[in-house]
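Worksheet for the structure shown next.
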Amino acid sequence: MVDDEELLLAVLNTAPMHEGAVSEHLDAAQGAALARQHGGTGSDEELLQLRTVRDAIQDLVHGREGAVDSLQAVMDEVSMRPTVTAQGVRWDLDAPDDLVLAARVTHAWSEVNERMPGRLKACANEECNLYLLDRTRPGTAKWCSMATCGNRMKARAHAARARASAQS
Ligand SMILES: [Zn+2]
């Protein structure tokens with residue numbers, strides 16, 4: 001099975017928050033480019049399926065309910081095809097063309113949960129809608145990026161402490 005962690009994160013991070021509103025990057029232009037980069041066709045149906053699994057996995061990462069059904073609907077169309085080689089058995093996803101990428105994303109999410117439980121996280125900045133895969137040994141990563149959200153939140157905490165000590 002190819003490693004689709006990168007695809008999973010790329011798809012999860014296609015709805016960034018910009019000036020308080022979520023902007024859609026899985027659209028005909030940017031979404032199609034992302035899909036083709038990962039072996040997809042960029043068709044409207046493919047993008048629709050990708051948005052569906054993205055929204056469902058985002059809900060699950062946040063612990064919101066009701067997201068499993070749409071993932072099940074995608075995976076209902078999928079089978080795993082074994083190919084025996086001299087090295088062993090390789091399993092490939094077999095799905096309708098427009099569903100392959102959505103199925104790969106769903107499968108990657110599942111693999112990450114199994115291999116790195118709790119490590120797929122939403123950025124701790126509530127004004128950010130990006131996700132991270134925490135590869136730190138203690139599992140303490142909180143920000144999509146130290147350079148943006150990490151520094152911004154630290155500066156905010158620092159300002160709050162400074163205000164509190166000025167008042168006391
Ligand atoms: Zn962030």
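Each chain in the structure tokens gets a letter, A, B and so on, in the order shown; residues start at 1 in every chain, and ligands are counted from 1 in the order they appear.
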>> Show me which residues line ligand 1, defined as having an atom within 12 Å of a ligand atom where only C-alpha atoms and all ligand atoms count, and present them as a PyMOL selection string.
In response: chain A and resi 13+15-18+121-132+141-153
> What are the DSSP helix (DSSP H, G or I) residues of range 73-130 of chain A, as a list in words?
Replying inline: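 Reading the DSSP output for range 73-130 of chain A, helix (DSSP H, G or I) covers Ala73, Val74, Met75, Asp97, Asp98, Leu99, Val100, Leu101, Ala102, Ala103, Arg104, Val105, Thr106, His107, Ala108, Trp109, Ser110, Glu111, Val112, Asn113, Glu114 and Arg115 of chain A.
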Write a file of the just-selected residues containing N, CA, C and O atoms, as an mmCIF file, in the first residue's frame.
```cif
data_model
loop_
_atom_site.group_PDB
_atom_site.id
_atom_site.type_symbol
_atom_site.label_atom_id
_atom_site.label_comp_id
_atom_site.auth_asym_id
_atom_site.auth_seq_id
_atom_site.Cartn_x
_atom_site.Cartn_y
_atom_site.Cartn_z
ATOM 1 N N ALA A 73 -20.164 5.055 2.941
ATOM 2 C CA ALA A 73 -20.724 5.091 1.588
ATOM 3 C C ALA A 73 -19.621 5.027 0.534
ATOM 4 O O ALA A 73 -19.767 4.372 -0.499
ATOM 5 N N VAL A 74 -18.503 5.707 0.802
ATOM 6 C CA VAL A 74 -17.368 5.642 -0.130
ATOM 7 C C VAL A 74 -16.759 4.242 -0.119
ATOM 8 O O VAL A 74 -16.542 3.630 -1.171
ATOM 9 N N MET A 75 -16.521 3.711 1.079
ATOM 10 C CA MET A 75 -15.823 2.427 1.177
ATOM 11 C C MET A 75 -16.683 1.252 0.712
ATOM 12 O O MET A 75 -16.160 0.197 0.356
ATOM 13 N N ASP A 97 -13.237 5.063 -10.777
ATOM 14 C CA ASP A 97 -12.231 6.121 -10.961
ATOM 15 C C ASP A 97 -12.457 7.343 -10.075
ATOM 16 O O ASP A 97 -11.522 7.847 -9.459
ATOM 17 N N ASP A 98 -13.699 7.810 -10.014
ATOM 18 C CA ASP A 98 -13.976 9.040 -9.270
ATOM 19 C C ASP A 98 -13.896 8.843 -7.756
ATOM 20 O O ASP A 98 -13.926 9.817 -7.001
ATOM 21 N N LEU A 99 -13.819 7.600 -7.320
ATOM 22 C CA LEU A 99 -13.799 7.323 -5.882
ATOM 23 C C LEU A 99 -12.426 6.926 -5.347
ATOM 24 O O LEU A 99 -12.231 6.840 -4.142
ATOM 25 N N VAL A 100 -11.478 6.671 -6.261
ATOM 26 C CA VAL A 100 -10.174 6.156 -5.820
ATOM 27 C C VAL A 100 -9.509 7.084 -4.806
ATOM 28 O O VAL A 100 -9.070 6.648 -3.739
ATOM 29 N N LEU A 101 -9.460 8.383 -5.120
ATOM 30 C CA LEU A 101 -8.756 9.299 -4.214
ATOM 31 C C LEU A 101 -9.465 9.401 -2.865
ATOM 32 O O LEU A 101 -8.811 9.391 -1.812
ATOM 33 N N ALA A 102 -10.783 9.498 -2.885
ATOM 34 C CA ALA A 102 -11.536 9.591 -1.628
ATOM 35 C C ALA A 102 -11.312 8.320 -0.803
ATOM 36 O O ALA A 102 -11.177 8.387 0.425
ATOM 37 N N ALA A 103 -11.257 7.183 -1.469
ATOM 38 C CA ALA A 103 -11.021 5.927 -0.765
ATOM 39 C C ALA A 103 -9.606 5.878 -0.203
ATOM 40 O O ALA A 103 -9.390 5.412 0.923
ATOM 41 N N ARG A 104 -8.629 6.385 -0.965
ATOM 42 C CA ARG A 104 -7.241 6.409 -0.470
ATOM 43 C C ARG A 104 -7.127 7.303 0.761
ATOM 44 O O ARG A 104 -6.433 6.983 1.724
ATOM 45 N N VAL A 105 -7.826 8.447 0.738
ATOM 46 C CA VAL A 105 -7.799 9.359 1.885
ATOM 47 C C VAL A 105 -8.409 8.672 3.110
ATOM 48 O O VAL A 105 -7.846 8.710 4.208
ATOM 49 N N THR A 106 -9.544 8.021 2.917
ATOM 50 C CA THR A 106 -10.218 7.336 4.024
ATOM 51 C C THR A 106 -9.343 6.223 4.583
ATOM 52 O O THR A 106 -9.209 6.062 5.799
ATOM 53 N N HIS A 107 -8.725 5.487 3.683
ATOM 54 C CA HIS A 107 -7.842 4.396 4.098
ATOM 55 C C HIS A 107 -6.633 4.942 4.858
ATOM 56 O O HIS A 107 -6.230 4.392 5.892
ATOM 57 N N ALA A 108 -6.060 6.048 4.367
ATOM 58 C CA ALA A 108 -4.896 6.645 5.032
ATOM 59 C C ALA A 108 -5.265 7.131 6.435
ATOM 60 O O ALA A 108 -4.494 6.961 7.387
ATOM 61 N N TRP A 109 -6.446 7.728 6.551
ATOM 62 C CA TRP A 109 -6.920 8.190 7.870
ATOM 63 C C TRP A 109 -6.990 7.010 8.834
ATOM 64 O O TRP A 109 -6.547 7.078 9.981
ATOM 65 N N SER A 110 -7.536 5.898 8.341
ATOM 66 C CA SER A 110 -7.672 4.704 9.163
ATOM 67 C C SER A 110 -6.303 4.151 9.581
ATOM 68 O O SER A 110 -6.082 3.780 10.734
ATOM 69 N N GLU A 111 -5.367 4.132 8.633
ATOM 70 C CA GLU A 111 -4.013 3.627 8.915
ATOM 71 C C GLU A 111 -3.315 4.491 9.971
ATOM 72 O O GLU A 111 -2.648 3.979 10.862
ATOM 73 N N VAL A 112 -3.485 5.815 9.834
ATOM 74 C CA VAL A 112 -2.860 6.740 10.779
ATOM 75 C C VAL A 112 -3.438 6.524 12.178
ATOM 76 O O VAL A 112 -2.705 6.481 13.171
ATOM 77 N N ASN A 113 -4.751 6.346 12.266
ATOM 78 C CA ASN A 113 -5.379 6.105 13.572
ATOM 79 C C ASN A 113 -4.849 4.839 14.223
ATOM 80 O O ASN A 113 -4.688 4.775 15.439
ATOM 81 N N GLU A 114 -4.587 3.839 13.389
ATOM 82 C CA GLU A 114 -4.127 2.571 13.924
ATOM 83 C C GLU A 114 -2.656 2.650 14.344
ATOM 84 O O GLU A 114 -2.273 2.178 15.408
ATOM 85 N N ARG A 115 -1.842 3.275 13.483
ATOM 86 C CA ARG A 115 -0.404 3.325 13.722
ATOM 87 C C ARG A 115 -0.020 4.417 14.711
ATOM 88 O O ARG A 115 0.921 4.291 15.480
#
```
> Hey, can you check how far CA of Gln37 in chain A sits from CA of Ala56 in chain A?
Replying inline: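 So the two atoms, CA of Gln37 in chain A and CA of Ala56 in chain A, lie 22.3 Å apart.
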>> Quick check for you: according to DSSP on this backbone, which residues of chain A are classed as strand (DSSP E)? Reply as a PyMOL selection string.
In response: chain A and resi 17-18+21-22+79-85+88-94+120-122+131-133
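Picture a line from CA of Gly118 in chain A to CA of Leu9 in chain A; it runs 14.6 Å.
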>> I'd like the neighbourhood of Leu12 in chain A as a VMD selection string, where a residue qualifies if any of its atoms comes within 7 Å (using only C-alpha atoms), though same-chain residues fewer than 4 positions away should be ignored.
In response: chain A and resid 8 54 58 131
> In terms of the shortest atom-to-atom distance over only C-alpha atoms, which of A:Ala21, A:Ala95, A:Val78, A:Leu120 is closest to Val61 in chain A?
Replying inline: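 Closest residue, counting only C-alpha atoms: A:Leu120.
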> What lies within 9 Å of range 23-29 of chain A using only C-alpha atoms, ignoring chain neighbours under 2 positions off, as a list in words?
Replying inline: Val11, Asn13, Thr14, Ala15, Pro16, Met17, His18, Ala21, Gly31, Ala32, Ala33, Leu34, Ala35, Gly42, Ser43, Asp44, Leu47, Leu48, Leu50 and Arg51 of chain A
> Just how far from CA of Pro96 in chain A is CA of Leu60 in chain A, in Å to one decimal?
Replying inline: 24.8 Å
